[in-house]
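Participant: Quick one: this structure, given as structure tokens, is what I'll be asking you about.
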Amino acid sequence: MARSESKILPKFESLDKLVEFFDIRDMGDYWDRMPDAAFEINVKRRKYLIAIDEALVPRLSEIAKSKKISSERLINTWVKEKLRRAAVRRET
């Protein structure tokens, strides 16, 4: 079976126009005309989900907001601090 030619991909003024275009079209019809994309994936980095007591979340969110950082970043900072202190105590 002969492979059909891909359709010509028009130029778009914005990302929104591109999205609108493909909302009603099959991207497969234009696949061969798509520009190559290069990106790196760090497969070694992982995230772990850890349960936090429900009663702590409002206060954590409040403190994070006051520091203008995410709750995730605040918690990670605090955990790193605690681990550093624990390591120092273990050395003495």
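Letters for chains follow the order of the structure tokens (A, B, ...), residue numbers begin at 1 for each chain, and ligand numbers begin at 1 in the order shown.
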Among chain A, which residues carry a DSSP assignment of helix (DSSP H, G or I), reported as a short mmCIF file (atom, residue, chain, number, x, y, z; two decimals) with N, CA and C atoms, in the first residue's frame?
Facilitator:
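Output saved as selection-v5.cif:
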data_model
loop_
_atom_site.label_atom_id
_atom_site.label_comp_id
_atom_site.auth_asym_id
_atom_site.auth_seq_id
_atom_site.Cartn_x
_atom_site.Cartn_y
_atom_site.Cartn_z
N LEU A 15 0.69 30.41 19.50
CA LEU A 15 0.49 29.06 19.97
C LEU A 15 -1.01 28.74 20.06
N ASP A 16 -1.80 29.74 20.45
CA ASP A 16 -3.25 29.55 20.54
C ASP A 16 -3.84 29.17 19.19
N LYS A 17 -3.36 29.80 18.11
CA LYS A 17 -3.85 29.48 16.76
C LYS A 17 -3.47 28.05 16.37
N LEU A 18 -2.27 27.65 16.75
CA LEU A 18 -1.82 26.28 16.48
C LEU A 18 -2.71 25.27 17.19
N VAL A 19 -3.00 25.55 18.45
CA VAL A 19 -3.86 24.66 19.23
C VAL A 19 -5.25 24.59 18.61
N GLU A 20 -5.81 25.74 18.25
CA GLU A 20 -7.13 25.76 17.60
C GLU A 20 -7.12 24.92 16.32
N PHE A 21 -6.05 25.04 15.55
CA PHE A 21 -5.93 24.31 14.29
C PHE A 21 -6.02 22.80 14.53
N PHE A 22 -5.27 22.31 15.52
CA PHE A 22 -5.24 20.87 15.76
C PHE A 22 -6.39 20.37 16.64
N ASP A 23 -7.18 21.28 17.18
CA ASP A 23 -8.38 20.87 17.90
C ASP A 23 -9.37 20.19 16.96
N MET A 27 -3.48 15.34 13.83
CA MET A 27 -2.06 15.69 13.77
C MET A 27 -1.29 14.72 12.88
N GLY A 28 -1.77 13.49 12.78
CA GLY A 28 -1.11 12.48 11.96
C GLY A 28 -1.02 12.87 10.50
N ASP A 29 -1.99 13.68 10.02
CA ASP A 29 -1.96 14.13 8.63
C ASP A 29 -0.79 15.08 8.36
N TYR A 30 -0.21 15.64 9.40
CA TYR A 30 0.85 16.64 9.26
C TYR A 30 2.17 16.17 9.90
N TRP A 31 2.20 14.93 10.36
CA TRP A 31 3.33 14.45 11.16
C TRP A 31 4.68 14.63 10.47
N ASP A 32 4.78 14.31 9.19
CA ASP A 32 6.06 14.42 8.48
C ASP A 32 6.51 15.86 8.29
N ARG A 33 5.61 16.80 8.45
CA ARG A 33 5.94 18.23 8.29
C ARG A 33 6.24 18.93 9.61
N GLU A 54 -3.34 16.05 57.74
CA GLU A 54 -4.30 17.01 57.18
C GLU A 54 -4.35 18.32 57.98
N ALA A 55 -4.18 18.22 59.28
CA ALA A 55 -4.24 19.40 60.14
C ALA A 55 -3.06 20.35 59.91
N LEU A 56 -1.96 19.83 59.36
CA LEU A 56 -0.76 20.66 59.14
C LEU A 56 -0.82 21.48 57.85
N VAL A 57 -1.59 21.03 56.90
CA VAL A 57 -1.59 21.62 55.56
C VAL A 57 -1.96 23.10 55.55
N PRO A 58 -3.01 23.54 56.24
CA PRO A 58 -3.33 24.97 56.19
C PRO A 58 -2.19 25.86 56.69
N ARG A 59 -1.55 25.44 57.78
CA ARG A 59 -0.44 26.24 58.33
C ARG A 59 0.77 26.21 57.40
N LEU A 60 1.06 25.05 56.84
CA LEU A 60 2.16 24.95 55.86
C LEU A 60 1.91 25.88 54.68
N SER A 61 0.70 25.86 54.16
CA SER A 61 0.34 26.71 53.02
C SER A 61 0.48 28.18 53.37
N GLU A 62 0.04 28.53 54.57
CA GLU A 62 0.12 29.92 55.03
C GLU A 62 1.58 30.39 55.12
N ILE A 63 2.43 29.57 55.69
CA ILE A 63 3.85 29.93 55.84
C ILE A 63 4.51 30.01 54.46
N ALA A 64 4.23 29.05 53.60
CA ALA A 64 4.80 29.06 52.25
C ALA A 64 4.38 30.32 51.50
N LYS A 65 3.11 30.65 51.60
CA LYS A 65 2.60 31.85 50.92
C LYS A 65 3.28 33.10 51.44
N SER A 66 3.49 33.18 52.76
CA SER A 66 4.15 34.36 53.34
C SER A 66 5.59 34.48 52.86
N LYS A 67 6.23 33.33 52.55
CA LYS A 67 7.61 33.33 52.06
C LYS A 67 7.66 33.40 50.52
N SER A 71 4.52 25.20 48.81
CA SER A 71 4.53 24.35 50.00
C SER A 71 5.56 23.24 49.83
N GLU A 72 5.66 22.71 48.62
CA GLU A 72 6.63 21.64 48.34
C GLU A 72 8.05 22.11 48.63
N ARG A 73 8.37 23.31 48.16
CA ARG A 73 9.73 23.83 48.39
C ARG A 73 9.98 24.08 49.88
N LEU A 74 8.98 24.61 50.56
CA LEU A 74 9.11 24.86 52.00
C LEU A 74 9.39 23.56 52.74
N ILE A 75 8.61 22.54 52.46
CA ILE A 75 8.78 21.26 53.13
C ILE A 75 10.14 20.65 52.83
N ASN A 76 10.57 20.71 51.56
CA ASN A 76 11.88 20.17 51.19
C ASN A 76 13.00 20.91 51.91
N THR A 77 12.87 22.23 52.04
CA THR A 77 13.87 23.03 52.74
C THR A 77 13.95 22.61 54.20
N TRP A 78 12.80 22.46 54.83
CA TRP A 78 12.76 22.06 56.23
C TRP A 78 13.34 20.66 56.44
N VAL A 79 13.02 19.75 55.57
CA VAL A 79 13.53 18.38 55.70
C VAL A 79 15.05 18.36 55.52
N LYS A 80 15.56 19.09 54.53
CA LYS A 80 17.01 19.16 54.33
C LYS A 80 17.70 19.71 55.57
N GLU A 81 17.10 20.77 56.16
CA GLU A 81 17.64 21.38 57.37
C GLU A 81 17.72 20.35 58.50
N LYS A 82 16.64 19.65 58.71
CA LYS A 82 16.58 18.64 59.78
C LYS A 82 17.62 17.53 59.54
N LEU A 83 17.75 17.09 58.30
CA LEU A 83 18.72 16.03 57.98
C LEU A 83 20.14 16.52 58.21
N ARG A 84 20.41 17.76 57.85
CA ARG A 84 21.74 18.34 58.06
C ARG A 84 22.07 18.38 59.55
N ARG A 85 21.10 18.85 60.36
CA ARG A 85 21.30 18.92 61.81
C ARG A 85 21.50 17.53 62.40
N ALA A 86 20.73 16.56 61.94
CA ALA A 86 20.86 15.19 62.45
C ALA A 86 22.24 14.62 62.12
N ALA A 87 22.76 14.94 60.93
CA ALA A 87 24.08 14.46 60.55
C ALA A 87 25.16 15.09 61.42
N VAL A 88 25.03 16.36 61.74
CA VAL A 88 25.99 17.05 62.59
C VAL A 88 25.98 16.45 63.99
N ARG A 89 24.78 16.19 64.53
CA ARG A 89 24.67 15.59 65.87
C ARG A 89 25.28 14.20 65.91
N ARG A 90 25.14 13.46 64.84
CA ARG A 90 25.67 12.10 64.78
C ARG A 90 27.19 12.11 64.75
N GLU A 91 27.78 13.17 64.16
CA GLU A 91 29.24 13.27 64.05
C GLU A 91 29.87 13.63 65.38
#
Participant: Quick one, how far is CA of Leu9 in chain A from CA of Met34 in chain A?
Facilitator: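 Calculated distance between CA of Leu9 in chain A and CA of Met34 in chain A is 7.6 Å.
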Participant: Could you check how far CA of Ile24 in chain A sits from CA of Ala38 in chain A, in Å to one decimal?
Facilitator: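 One can read the CA of Ile24 in chain A to CA of Ala38 in chain A distance as 26.1 Å.
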Participant: So what do you get for CA of Ser70 in chain A versus CA of Glu40 in chain A, distance-wise?
Facilitator: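 Interatomic distance, CA of Ser70 in chain A to CA of Glu40 in chain A: 24.7 Å.
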